[in-house]
Structures are given as structure tokens and as C-alpha cells.
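Report on the following structure.
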Amino acid sequence: MKSELVSTAAQILETWGMFLVDRSEDSLQIFETNSPFYLAELQFNGEFSGTYQVVAQRNFVDSLVSNLLGLEKEAVDEKTVNDALSELVNVLSGNLLTSQFGDDLVFALTTPEVKKVSFDEVSKIFQKNHFCYKADDEPIVIACDIDSSF
Amino acid sequence: MAFKFLIVDDSSIVRKVLTRTIGMTDLEVSEIIEAENGQVALDKLKNDWVDIIFLDINMPVMNGIEFMEVLRKDETLKDMPVVIVSTEGSKDRIARLEQLGIRAYLRKPVSPEHITSTVLSLLEGENK
């Protein structure tokens with residue numbers, strides 16, 4: 001199951017985000033520790049419940065916005081960062097849910113939330129079920145935390 | 001025939017991505033209008049006729065369900081085809097939207113091929 005999720009997430013980053021995507025080593029060292037971390041998070045509820053999270057840094061978001069909107073990084077404000085990461089976690093969640101549970105189960109998704117988090121908070125995400133990528137050489141981590149009844 | 005579309009979504013990113021995806025199809029498009037919520041969409045529809053509305057569900061001010069409820073009561077606009085573009089999986093909400101007459105549901109990310117086949121099937125159906 002995990003390999004399907006890994007490939008689904010990579011496919012979304014490639015097709016929707018227009019990145020060149022590679023699996024990355026599973027380590028906090030892939031991030032620049034002196035650059036802020038953004039956490040985008042979305043919860044789902046239905047037959048199962050849980051949370052999907054995306055952790056990335058500004059260079060990744062700048063590339064994503066450039067790919068989606070053609071904006072230079074100087075033109076990317078915090079609202080655009082928020083919108084881009086919200087939509088990324090939204091699209092990822094919908095597709096990971098389908099990959100994980102099939103087309104028949106239905107879920108309600110909460111509105112995505114984006115916030116800046118500390119290195120310590122990012123290290124806690126690495127304790128969950130997660131996968132690491134380099135998208136155009138910028139690190140991104142996707143974590144899923146599913147109700148223990150699953 | 002050139003098509004005119006309305007994209008209703010509170011995220012400017014989503015609107016731009018959908019516009020870009022429509023641009024990647026072979027469809028002849030005369031204009032794409034954008035609205036950030038259902039109320040703005042209704043205001044724009046007072047002056048603009050469109051062939052298809054691409055509608056998000058979760059939006060501030062007036063969400064997709066509220067928009068559909070108003071649209072279906074409007075004698076002029078009630079038959080306008082509406083396609084939901086969302087990751088929404090709530091059975092209740094989708095059932096409610098089906099009751100309100102949505103014509104198709106596209107799950108994000110939407111490909112140019114999905115848009116082409118959806119638009120052609122809806123508008124060919126209109127012409128039968």
C-alpha cells in the first residue's frame with residue numbers, strides 16, 4: 001500500500017505541480033534548517049478519519065507558484081504561498097484517499113490550513129508515516145496519519 | 001463554435017490552473033470568466049451568458065450548494081450546465097448537488113482530456 005501512495009503523490013507533484021520528482025533520503029537533513037518551514041494540513045472524516053500533511057520550504061513554494069502561475073518569486077506573497085500549499089494538500093489528499101481506500105468510499109475534507117512551524121515540529125512529523133521527495137531539487141515531505149482502527 | 005466558460009472558485013491558484021488546463025485542450029474558447037464565490041458568479045451571469053460553469057463546492061460568502069439552489073430557481077439560468085471541480089468526497093453534499101442538477105463531477109487534478117470529453121458530451125447533449 002505504501003508504494004502506491006508514494007507513486008500517487010509523486011504523480012500529483014509531476015502532473016499537477018509540473019515538477020521533476022525523485023524520492024529523497026528519509027532525513028531531516030534534506031531541509032535547510034535556517035529557512036522557515038511551512039506545514040499544510042488537511043483532515044478527512046468518513047469511514048476512516050485522519051490527517052494529511054505537507055512540509056516544504058519557501059524555495060519549493062516559489063517553484064510551485066512559478067510552475068502554476070508563471071510568477072517570479074519576487075511577486076509571491078504570503079497569501080499566494082498559502083493558496084498554493086492549500087491547493088497542493090487538497091489535491092494530494094483527494095488522490096491519496098482514492099489510492100488508499102478506492103473510489104467507493106466517500107470522505108469529507110476539512111478546509112486546508114497552512115502555517116509556519118519550527119524545526120522541532122517538523123521532526124515530529126518524521127515520526128509519522130511519511131515519504132520524502134525532491135521536487136526540482138527542493139525537499140518536500142508528505143505525511144499521513146490515519147485513525148488507528150484502519 | 002467557440003465556448004465561453006465561467007470558473008467559480010475562491011482560490012486564484014485553482015482558477016489559473018483550470019484556465020491553463022482548458023487552454024491545453026483542443027476546444028475553441030472565446031472567453032473564460034472567473035468568480036471567487038457563488039455570489040460574484042451570479043452577479044457576472046446577469047451580464048454574461050456562458051456555455052458551462054465549472055464550480056467549486058467550499059467557498060466563502062456563497063458556496064457551491066447555495067449557488068446551485070439560487071441558479072436552479074432562476075428562470076433564465078436554471079438550465080445552464082454546471083460541472084463540479086473538487087476533491088470533495090462527502091456523500092451528502094454530492095447527493096445534494098446531484099438533486100440540484102449538476103451535470104458532471106471532475107476530481108482534481110483535472111486533465112485536458114477530462115475537460116474535453118466532459119464539455120463535448122454535455123454540449124452535444126444540449127444540441128440533441
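Labels used: A, B, ... for chains in the order of the C-alpha cells, numbers from 1 for residues in each chain, and numbers from 1 for ligands as shown.
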Taking only C-alpha atoms into account, produce a table as a tab-separated table in which each residue of stretch 86-113 of chain B with an atom at most 12 Å from an atom of stretch 29-52 of chain B appears once, together with its shortest atom pair and the distance in Å to one decimal, ordered by chain and rising number.
residue	atom	partner	partner_atom	distance
B:Ile102	CA	B:Ile52	CA	10.8
B:Arg103	CA	B:Ile52	CA	9.7
B:Ala104	CA	B:Ile52	CA	10.7
Same residues, C-alpha atoms, output as a PDB file, in the first residue's frame:
ATOM      1  CA  ILE B 102     -25.104  19.195 -11.554  1.00  0.00           C
ATOM      2  CA  ARG B 103     -24.201  17.697 -14.908  1.00  0.00           C
ATOM      3  CA  ALA B 104     -20.768  16.237 -14.113  1.00  0.00           C
TER       4      ALA B 104
END
Define the interface residues of chain B facing chain A as those within 12 Å, counting only C-alpha atoms, and report them as a tab-separated table (two decimals) with all heavy atoms, in the first residue's frame.
chain	number	residue	atom	x	y	z
B	9	ASP	N	-14.34	29.68	-8.10
B	9	ASP	CA	-13.50	29.06	-7.07
B	9	ASP	C	-12.86	30.19	-6.27
B	9	ASP	O	-12.43	31.19	-6.85
B	9	ASP	CB	-12.42	28.18	-7.70
B	9	ASP	CG	-11.82	27.19	-6.71
B	9	ASP	OD1	-11.28	27.63	-5.67
B	9	ASP	OD2	-11.91	25.97	-6.97
B	10	ASP	N	-12.77	30.01	-4.95
B	10	ASP	CA	-12.21	31.09	-4.12
B	10	ASP	C	-10.69	31.15	-4.21
B	10	ASP	O	-10.08	32.14	-3.81
B	10	ASP	CB	-12.64	30.93	-2.65
B	10	ASP	CG	-12.27	29.58	-2.07
B	10	ASP	OD1	-12.40	28.57	-2.78
B	10	ASP	OD2	-11.84	29.53	-0.91
B	11	SER	N	-10.04	30.13	-4.73
B	11	SER	CA	-8.58	30.14	-4.84
B	11	SER	C	-8.16	30.64	-6.22
B	11	SER	O	-8.51	30.05	-7.25
B	11	SER	CB	-8.04	28.72	-4.62
B	11	SER	OG	-6.70	28.65	-5.06
B	12	SER	N	-7.38	31.72	-6.23
B	12	SER	CA	-6.91	32.24	-7.52
B	12	SER	C	-6.01	31.22	-8.20
B	12	SER	O	-5.98	31.12	-9.42
B	12	SER	CB	-6.16	33.56	-7.31
B	12	SER	OG	-5.01	33.36	-6.52
B	13	ILE	N	-5.30	30.43	-7.39
B	13	ILE	CA	-4.44	29.39	-7.96
B	13	ILE	C	-5.28	28.38	-8.74
B	13	ILE	O	-4.95	28.01	-9.87
B	13	ILE	CB	-3.69	28.63	-6.83
B	13	ILE	CG1	-2.72	29.58	-6.12
B	13	ILE	CG2	-3.03	27.37	-7.34
B	13	ILE	CD1	-1.32	29.54	-6.57
B	14	VAL	N	-6.37	27.95	-8.14
B	14	VAL	CA	-7.22	26.96	-8.81
B	14	VAL	C	-7.79	27.53	-10.10
B	14	VAL	O	-7.83	26.86	-11.14
B	14	VAL	CB	-8.36	26.51	-7.87
B	14	VAL	CG1	-9.33	25.58	-8.60
B	14	VAL	CG2	-7.79	25.81	-6.65
B	15	ARG	N	-8.23	28.78	-10.03
B	15	ARG	CA	-8.81	29.39	-11.24
B	15	ARG	C	-7.78	29.45	-12.36
B	15	ARG	O	-8.06	29.14	-13.52
B	15	ARG	CB	-9.35	30.80	-10.92
B	15	ARG	CG	-10.48	30.79	-9.89
B	15	ARG	CD	-11.26	32.11	-9.89
B	15	ARG	NE	-10.45	33.28	-9.65
B	15	ARG	CZ	-10.21	33.83	-8.46
B	15	ARG	NH1	-10.74	33.28	-7.37
B	15	ARG	NH2	-9.48	34.91	-8.34
B	16	LYS	N	-6.55	29.85	-11.99
B	16	LYS	CA	-5.49	29.96	-13.01
B	16	LYS	C	-5.12	28.58	-13.57
B	16	LYS	O	-4.89	28.42	-14.77
B	16	LYS	CB	-4.25	30.63	-12.43
B	16	LYS	CG	-4.47	32.03	-11.92
B	16	LYS	CD	-4.80	33.00	-13.03
B	16	LYS	CE	-5.01	34.41	-12.48
B	16	LYS	NZ	-5.97	35.18	-13.25
B	17	VAL	N	-5.03	27.59	-12.67
B	17	VAL	CA	-4.66	26.25	-13.13
B	17	VAL	C	-5.73	25.68	-14.05
B	17	VAL	O	-5.42	25.09	-15.10
B	17	VAL	CB	-4.42	25.30	-11.92
B	17	VAL	CG1	-4.28	23.86	-12.38
B	17	VAL	CG2	-3.17	25.74	-11.16
B	18	LEU	N	-6.99	25.90	-13.69
B	18	LEU	CA	-8.07	25.39	-14.54
B	18	LEU	C	-8.09	26.12	-15.89
B	18	LEU	O	-8.29	25.50	-16.94
B	18	LEU	CB	-9.41	25.51	-13.81
B	18	LEU	CG	-10.59	24.74	-14.38
B	18	LEU	CD1	-10.26	23.28	-14.62
B	18	LEU	CD2	-11.79	24.84	-13.45
B	19	THR	N	-7.85	27.41	-15.84
B	19	THR	CA	-7.78	28.19	-17.10
B	19	THR	C	-6.65	27.64	-17.97
B	19	THR	O	-6.80	27.46	-19.18
B	19	THR	CB	-7.53	29.68	-16.78
B	19	THR	OG1	-8.65	30.18	-16.04
B	19	THR	CG2	-7.38	30.50	-18.05
B	20	ARG	N	-5.50	27.38	-17.33
B	20	ARG	CA	-4.36	26.83	-18.08
B	20	ARG	C	-4.71	25.46	-18.66
B	20	ARG	O	-4.39	25.16	-19.81
B	20	ARG	CB	-3.15	26.71	-17.14
B	20	ARG	CG	-1.87	26.30	-17.85
B	20	ARG	CD	-0.83	25.82	-16.85
B	20	ARG	NE	-1.21	24.54	-16.27
B	20	ARG	CZ	-0.69	24.02	-15.18
B	20	ARG	NH1	0.20	24.68	-14.49
B	20	ARG	NH2	-1.06	22.83	-14.74
B	21	THR	N	-5.39	24.64	-17.87
B	21	THR	CA	-5.74	23.29	-18.34
B	21	THR	C	-6.72	23.37	-19.50
B	21	THR	O	-6.59	22.62	-20.48
B	21	THR	CB	-6.34	22.46	-17.18
B	21	THR	OG1	-5.47	22.55	-16.06
B	21	THR	CG2	-6.49	21.01	-17.57
B	57	ILE	N	-17.01	23.65	-4.51
B	57	ILE	CA	-18.05	23.47	-3.50
B	57	ILE	C	-17.81	24.38	-2.29
B	57	ILE	O	-18.67	25.16	-1.89
B	57	ILE	CB	-18.14	22.00	-3.05
B	57	ILE	CG1	-18.45	21.10	-4.25
B	57	ILE	CG2	-19.22	21.84	-1.98
B	57	ILE	CD1	-18.44	19.61	-3.93
B	58	ASN	N	-16.62	24.27	-1.72
B	58	ASN	CA	-16.34	25.03	-0.49
B	58	ASN	C	-15.82	26.42	-0.81
B	58	ASN	O	-14.69	26.57	-1.28
B	58	ASN	CB	-15.30	24.29	0.36
B	58	ASN	CG	-15.81	22.93	0.80
B	58	ASN	OD1	-16.90	22.83	1.35
B	58	ASN	ND2	-15.03	21.89	0.52
B	59	MET	N	-16.66	27.42	-0.57
B	59	MET	CA	-16.26	28.81	-0.82
B	59	MET	C	-16.90	29.71	0.24
B	59	MET	O	-18.00	29.40	0.71
B	59	MET	CB	-16.73	29.28	-2.21
B	59	MET	CG	-16.06	28.59	-3.37
B	59	MET	SD	-16.75	29.13	-4.94
B	59	MET	CE	-18.36	28.32	-4.92
B	60	PRO	N	-16.26	30.83	0.57
B	60	PRO	CA	-16.89	31.78	1.48
B	60	PRO	C	-17.99	32.56	0.76
B	60	PRO	O	-18.10	32.48	-0.46
B	60	PRO	CB	-15.73	32.70	1.87
B	60	PRO	CG	-14.79	32.65	0.71
B	60	PRO	CD	-14.92	31.26	0.14
B	85	VAL	N	-15.91	20.86	-9.86
B	85	VAL	CA	-14.48	20.54	-9.89
B	85	VAL	C	-14.00	20.61	-8.45
B	85	VAL	O	-13.94	21.68	-7.85
B	85	VAL	CB	-13.68	21.54	-10.76
B	85	VAL	CG1	-12.21	21.16	-10.76
B	85	VAL	CG2	-14.23	21.56	-12.17
B	86	SER	N	-13.69	19.43	-7.87
B	86	SER	CA	-13.41	19.41	-6.44
B	86	SER	C	-12.68	18.14	-6.06
B	86	SER	O	-12.58	17.20	-6.85
B	86	SER	CB	-14.74	19.50	-5.68
B	86	SER	OG	-14.54	19.48	-4.30
B	87	THR	N	-12.19	18.11	-4.82
B	87	THR	CA	-11.74	16.85	-4.24
B	87	THR	C	-12.76	16.36	-3.22
B	87	THR	O	-12.54	15.37	-2.54
B	87	THR	CB	-10.38	17.02	-3.53
B	87	THR	OG1	-10.46	18.13	-2.66
B	87	THR	CG2	-9.27	17.22	-4.51
B	88	GLU	N	-13.87	17.06	-3.13
B	88	GLU	CA	-14.90	16.76	-2.14
B	88	GLU	C	-15.37	15.31	-2.24
B	88	GLU	O	-15.65	14.83	-3.34
B	88	GLU	CB	-16.09	17.70	-2.37
B	88	GLU	CG	-17.29	17.45	-1.51
B	88	GLU	CD	-17.11	17.95	-0.08
B	88	GLU	OE1	-16.54	19.02	0.11
B	88	GLU	OE2	-17.54	17.25	0.83
B	89	GLY	N	-15.47	14.66	-1.09
B	89	GLY	CA	-15.95	13.28	-1.12
B	89	GLY	C	-17.15	13.06	-0.22
B	89	GLY	O	-17.49	11.92	0.07
B	90	SER	N	-17.76	14.14	0.26
B	90	SER	CA	-18.89	13.98	1.16
B	90	SER	C	-20.12	13.49	0.40
B	90	SER	O	-20.61	14.15	-0.51
B	90	SER	CB	-19.19	15.32	1.84
B	90	SER	OG	-20.48	15.28	2.41
B	91	LYS	N	-20.59	12.31	0.83
B	91	LYS	CA	-21.73	11.70	0.13
B	91	LYS	C	-22.96	12.61	0.17
B	91	LYS	O	-23.65	12.79	-0.83
B	91	LYS	CB	-22.06	10.36	0.81
B	91	LYS	CG	-23.02	9.50	0.04
B	91	LYS	CD	-23.33	8.22	0.78
B	91	LYS	CE	-22.29	7.15	0.51
B	91	LYS	NZ	-22.58	5.89	1.21
B	92	ASP	N	-23.19	13.23	1.33
B	92	ASP	CA	-24.37	14.10	1.49
B	92	ASP	C	-24.31	15.28	0.54
B	92	ASP	O	-25.30	15.63	-0.10
B	92	ASP	CB	-24.45	14.62	2.93
B	92	ASP	CG	-24.74	13.51	3.91
B	92	ASP	OD1	-25.16	12.43	3.45
B	92	ASP	OD2	-24.55	13.71	5.12
B	93	ARG	N	-23.14	15.89	0.46
B	93	ARG	CA	-23.02	17.08	-0.38
B	93	ARG	C	-23.15	16.73	-1.85
B	93	ARG	O	-23.80	17.44	-2.61
B	93	ARG	CB	-21.68	17.76	-0.13
B	93	ARG	CG	-21.67	18.54	1.16
B	93	ARG	CD	-20.41	19.33	1.27
B	93	ARG	NE	-20.65	20.51	2.06
B	93	ARG	CZ	-19.88	21.57	2.08
B	93	ARG	NH1	-18.79	21.59	1.36
B	93	ARG	NH2	-20.16	22.60	2.83
B	94	ILE	N	-22.52	15.63	-2.24
B	94	ILE	CA	-22.60	15.25	-3.65
B	94	ILE	C	-24.05	14.87	-4.01
B	94	ILE	O	-24.56	15.24	-5.07
B	94	ILE	CB	-21.61	14.11	-3.96
B	94	ILE	CG1	-20.18	14.67	-3.86
B	94	ILE	CG2	-21.85	13.53	-5.36
B	94	ILE	CD1	-19.09	13.64	-3.92
B	95	ALA	N	-24.70	14.17	-3.09
B	95	ALA	CA	-26.11	13.80	-3.34
B	95	ALA	C	-26.97	15.06	-3.48
B	95	ALA	O	-27.84	15.14	-4.35
B	95	ALA	CB	-26.63	12.94	-2.19
B	106	LEU	N	-15.88	16.48	-11.70
B	106	LEU	CA	-14.48	16.23	-12.05
B	106	LEU	C	-13.63	16.30	-10.80
B	106	LEU	O	-13.68	17.30	-10.07
B	106	LEU	CB	-13.97	17.26	-13.07
B	106	LEU	CG	-14.62	17.23	-14.46
B	106	LEU	CD1	-14.10	18.39	-15.30
B	106	LEU	CD2	-14.35	15.91	-15.15
B	107	ARG	N	-12.88	15.25	-10.56
B	107	ARG	CA	-12.00	15.24	-9.38
B	107	ARG	C	-10.64	15.82	-9.75
B	107	ARG	O	-10.08	15.50	-10.80
B	107	ARG	CB	-11.83	13.81	-8.87
B	107	ARG	CG	-10.83	13.70	-7.75
B	107	ARG	CD	-10.80	12.31	-7.18
B	107	ARG	NE	-11.96	12.08	-6.33
B	107	ARG	CZ	-12.26	10.89	-5.81
B	107	ARG	NH1	-11.51	9.85	-6.08
B	107	ARG	NH2	-13.30	10.76	-5.04
B	108	LYS	N	-10.13	16.69	-8.89
B	108	LYS	CA	-8.81	17.29	-9.13
B	108	LYS	C	-7.70	16.26	-8.93
B	108	LYS	O	-7.83	15.41	-8.05
B	108	LYS	CB	-8.57	18.44	-8.16
B	108	LYS	CG	-9.51	19.60	-8.29
B	108	LYS	CD	-9.18	20.59	-7.20
B	108	LYS	CE	-10.22	21.68	-7.10
B	108	LYS	NZ	-9.98	22.55	-5.94
B	109	PRO	N	-6.60	16.34	-9.65
B	109	PRO	CA	-6.33	17.30	-10.71
B	109	PRO	C	-7.05	16.92	-11.99
B	109	PRO	O	-7.15	15.75	-12.33
B	109	PRO	CB	-4.81	17.22	-10.89
B	109	PRO	CG	-4.45	15.84	-10.48
B	109	PRO	CD	-5.43	15.44	-9.44
B	110	VAL	N	-7.52	17.92	-12.69
B	110	VAL	CA	-8.30	17.70	-13.90
B	110	VAL	C	-7.38	17.76	-15.11
B	110	VAL	O	-6.58	18.68	-15.24
B	110	VAL	CB	-9.40	18.77	-14.02
B	110	VAL	CG1	-10.22	18.56	-15.27
B	110	VAL	CG2	-10.29	18.75	-12.79
B	111	SER	N	-7.50	16.78	-15.98
B	111	SER	CA	-6.65	16.75	-17.17
B	111	SER	C	-7.36	17.43	-18.34
B	111	SER	O	-8.60	17.52	-18.37
B	111	SER	CB	-6.33	15.30	-17.55
B	111	SER	OG	-7.49	14.67	-18.02
B	112	PRO	N	-6.61	17.88	-19.34
B	112	PRO	CA	-7.24	18.45	-20.54
B	112	PRO	C	-8.20	17.46	-21.19
B	112	PRO	O	-9.27	17.86	-21.68
B	112	PRO	CB	-6.05	18.74	-21.46
B	112	PRO	CG	-4.88	18.89	-20.56
B	112	PRO	CD	-5.14	17.97	-19.40
Notebook entry, point to check: To one decimal place, how far is atom CA of A:Lys128 from atom CA of A:Cys144 in Å?
Noted result: 7.0 Å
Next item on the list: Report the distance between atom CA of A:Ser66 and atom CA of A:Ala135 in Å, rounded to one decimal place.
Entry: 13.1 Å
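Between atom CA of A:Asp136 and atom CA of A:Phe60 lies a distance of 8.1 Å.
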Next item on the list: Pull the alpha helix (DSSP H) assignments for chain A out of DSSP run on the backbone, and list those residues as an MDAnalysis selection string.
Entry: chainID A and resid 2:15 58:69 78:101 119:125
Item checked: Nearby residues (only C-alpha atoms) at most 10 Å from B:Gly101, same-chain spacing under 2 positions excluded, as a PyMOL selection string -> chain B and resi 68-69+72+78-83+95-99+103-104
Check: If you run DSSP on this backbone, which residues of chain A come out as strand (DSSP E), and could you give them as a PyMOL selection string?
Finding: chain A and resi 21-23+37-46+50-57+107-109+113-117+129-135+138-146
Within 10 Å of A:Ala56, counting only C-alpha atoms, which residues qualify if same-chain residues fewer than 2 places away don't, as a tab-separated table (two decimals) with all heavy atoms, in the first residue's frame?
chain	number	residue	atom	x	y	z
A	31	PHE	N	16.31	19.28	4.54
A	31	PHE	CA	15.85	20.67	4.64
A	31	PHE	C	16.98	21.61	5.03
A	31	PHE	O	17.95	21.20	5.68
A	31	PHE	CB	14.74	20.78	5.69
A	31	PHE	CG	13.43	20.19	5.25
A	31	PHE	CD1	12.96	19.02	5.84
A	31	PHE	CD2	12.67	20.79	4.27
A	31	PHE	CE1	11.75	18.47	5.44
A	31	PHE	CE2	11.46	20.26	3.87
A	31	PHE	CZ	11.00	19.09	4.45
A	36	PRO	N	12.49	29.08	6.90
A	36	PRO	CA	11.22	28.70	7.56
A	36	PRO	C	10.57	27.47	6.94
A	36	PRO	O	10.72	27.22	5.74
A	36	PRO	CB	10.33	29.92	7.34
A	36	PRO	CG	11.17	30.99	6.80
A	36	PRO	CD	12.43	30.39	6.28
A	37	PHE	N	9.85	26.75	7.77
A	37	PHE	CA	9.10	25.57	7.30
A	37	PHE	C	7.62	25.93	7.21
A	37	PHE	O	7.08	26.57	8.10
A	37	PHE	CB	9.24	24.42	8.30
A	37	PHE	CG	10.64	23.89	8.43
A	37	PHE	CD1	11.48	24.38	9.42
A	37	PHE	CD2	11.11	22.92	7.58
A	37	PHE	CE1	12.77	23.90	9.55
A	37	PHE	CE2	12.40	22.43	7.70
A	37	PHE	CZ	13.23	22.93	8.69
A	38	TYR	N	7.00	25.48	6.15
A	38	TYR	CA	5.55	25.64	6.01
A	38	TYR	C	4.91	24.26	6.16
A	38	TYR	O	5.36	23.29	5.55
A	38	TYR	CB	5.19	26.19	4.64
A	38	TYR	CG	5.59	27.63	4.42
A	38	TYR	CD1	6.80	27.96	3.84
A	38	TYR	CD2	4.73	28.67	4.80
A	38	TYR	CE1	7.16	29.28	3.64
A	38	TYR	CE2	5.09	29.98	4.60
A	38	TYR	CZ	6.30	30.28	4.02
A	38	TYR	OH	6.66	31.59	3.83
A	39	LEU	N	3.85	24.23	6.98
A	39	LEU	CA	3.09	22.99	7.14
A	39	LEU	C	1.68	23.22	6.59
A	39	LEU	O	0.97	24.12	7.05
A	39	LEU	CB	3.01	22.61	8.63
A	39	LEU	CG	2.04	21.47	8.98
A	39	LEU	CD1	2.49	20.15	8.36
A	39	LEU	CD2	1.90	21.33	10.49
A	40	ALA	N	1.30	22.43	5.61
A	40	ALA	CA	-0.07	22.45	5.09
A	40	ALA	C	-0.76	21.18	5.56
A	40	ALA	O	-0.19	20.09	5.45
A	40	ALA	CB	-0.07	22.53	3.57
A	54	VAL	N	1.70	18.27	4.57
A	54	VAL	CA	2.80	18.54	3.63
A	54	VAL	C	3.73	19.53	4.30
A	54	VAL	O	3.29	20.55	4.84
A	54	VAL	CB	2.26	19.14	2.32
A	54	VAL	CG1	3.41	19.62	1.44
A	54	VAL	CG2	1.42	18.14	1.56
A	58	ARG	N	10.29	27.66	1.48
A	58	ARG	CA	9.90	28.71	0.55
A	58	ARG	C	10.36	28.45	-0.88
A	58	ARG	O	9.65	28.73	-1.83
A	58	ARG	CB	10.43	30.05	1.06
A	58	ARG	CG	9.98	31.25	0.28
A	58	ARG	CD	8.45	31.38	0.28
A	58	ARG	NE	8.02	32.42	-0.62
A	58	ARG	CZ	7.56	33.61	-0.23
A	58	ARG	NH1	7.45	33.89	1.04
A	58	ARG	NH2	7.21	34.52	-1.11
A	59	ASN	N	11.56	27.89	-1.05
A	59	ASN	CA	12.04	27.65	-2.42
A	59	ASN	C	11.11	26.70	-3.18
A	59	ASN	O	10.85	26.88	-4.38
A	59	ASN	CB	13.45	27.06	-2.41
A	59	ASN	CG	14.48	28.13	-2.11
A	59	ASN	OD1	14.19	29.32	-2.17
A	59	ASN	ND2	15.70	27.70	-1.79
A	60	PHE	N	10.59	25.70	-2.46
A	60	PHE	CA	9.66	24.77	-3.11
A	60	PHE	C	8.39	25.53	-3.52
A	60	PHE	O	7.89	25.37	-4.64
A	60	PHE	CB	9.29	23.62	-2.15
A	60	PHE	CG	8.14	22.79	-2.66
A	60	PHE	CD1	8.36	21.72	-3.52
A	60	PHE	CD2	6.82	23.09	-2.31
A	60	PHE	CE1	7.30	20.98	-4.03
A	60	PHE	CE2	5.75	22.35	-2.80
A	60	PHE	CZ	6.00	21.29	-3.66
A	61	VAL	N	7.87	26.35	-2.60
A	61	VAL	CA	6.62	27.06	-2.90
A	61	VAL	C	6.83	28.04	-4.06
A	61	VAL	O	5.98	28.16	-4.95
A	61	VAL	CB	6.10	27.82	-1.66
A	61	VAL	CG1	4.74	28.44	-1.96
A	61	VAL	CG2	5.97	26.89	-0.47
A	85	LEU	N	-0.07	26.16	-1.28
A	85	LEU	CA	0.09	24.98	-0.43
A	85	LEU	C	-1.26	24.38	-0.04
A	85	LEU	O	-1.39	23.15	0.08
A	85	LEU	CB	0.90	25.34	0.82
A	85	LEU	CG	2.40	25.49	0.59
A	85	LEU	CD1	3.10	26.02	1.85
A	85	LEU	CD2	3.05	24.16	0.18
A	116	LYS	N	3.38	28.43	9.49
A	116	LYS	CA	4.82	28.24	9.64
A	116	LYS	C	5.07	27.46	10.91
A	116	LYS	O	4.41	27.70	11.94
A	116	LYS	CB	5.52	29.60	9.71
A	116	LYS	CG	5.63	30.31	8.37
A	116	LYS	CD	6.42	31.58	8.50
A	116	LYS	CE	6.54	32.27	7.15
A	116	LYS	NZ	7.14	33.60	7.24
A	122	VAL	N	8.59	19.91	12.80
A	122	VAL	CA	8.84	19.10	11.59
A	122	VAL	C	9.41	17.74	11.99
A	122	VAL	O	9.04	16.70	11.42
A	122	VAL	CB	9.81	19.85	10.64
A	122	VAL	CG1	10.18	18.95	9.45
A	122	VAL	CG2	9.17	21.13	10.14
A	138	GLU	N	14.07	20.58	-4.65
A	138	GLU	CA	13.63	21.17	-3.37
A	138	GLU	C	12.90	20.10	-2.55
A	138	GLU	O	12.05	19.38	-3.08
A	138	GLU	CB	12.69	22.36	-3.61
A	138	GLU	CG	13.33	23.51	-4.35
A	138	GLU	CD	14.52	24.09	-3.61
A	138	GLU	OE1	14.58	23.96	-2.36
A	138	GLU	OE2	15.40	24.66	-4.26
A	139	PRO	N	13.22	20.01	-1.25
A	139	PRO	CA	12.62	18.95	-0.44
A	139	PRO	C	11.14	19.17	-0.13
A	139	PRO	O	10.70	20.31	0.04
A	139	PRO	CB	13.45	18.99	0.85
A	139	PRO	CG	13.97	20.38	0.93
A	139	PRO	CD	14.16	20.84	-0.49
A	140	ILE	N	10.42	18.09	-0.08
A	140	ILE	CA	9.02	18.12	0.36
A	140	ILE	C	8.73	16.79	1.05
A	140	ILE	O	9.17	15.74	0.59
A	140	ILE	CB	8.03	18.39	-0.81
A	140	ILE	CG1	6.58	18.22	-0.33
A	140	ILE	CG2	8.31	17.52	-2.01
A	140	ILE	CD1	5.54	18.65	-1.33
A	141	VAL	N	8.02	16.87	2.17
A	141	VAL	CA	7.66	15.67	2.91
A	141	VAL	C	6.14	15.60	3.00
A	141	VAL	O	5.48	16.61	3.28
A	141	VAL	CB	8.27	15.68	4.33
A	141	VAL	CG1	7.75	14.52	5.16
A	141	VAL	CG2	9.78	15.63	4.23
A	142	ILE	N	5.59	14.44	2.74
A	142	ILE	CA	4.15	14.22	2.83
A	142	ILE	C	3.91	13.16	3.89
A	142	ILE	O	4.54	12.09	3.87
A	142	ILE	CB	3.59	13.75	1.47
A	142	ILE	CG1	3.80	14.85	0.43
A	142	ILE	CG2	2.11	13.40	1.58
A	142	ILE	CD1	3.63	14.38	-1.00
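Of the listed residues B:Leu27, B:Leu122, B:Val61, B:Ile22, the one whose atoms come nearest to B:Met1 is B:Leu27, with distances taken using only C-alpha atoms.
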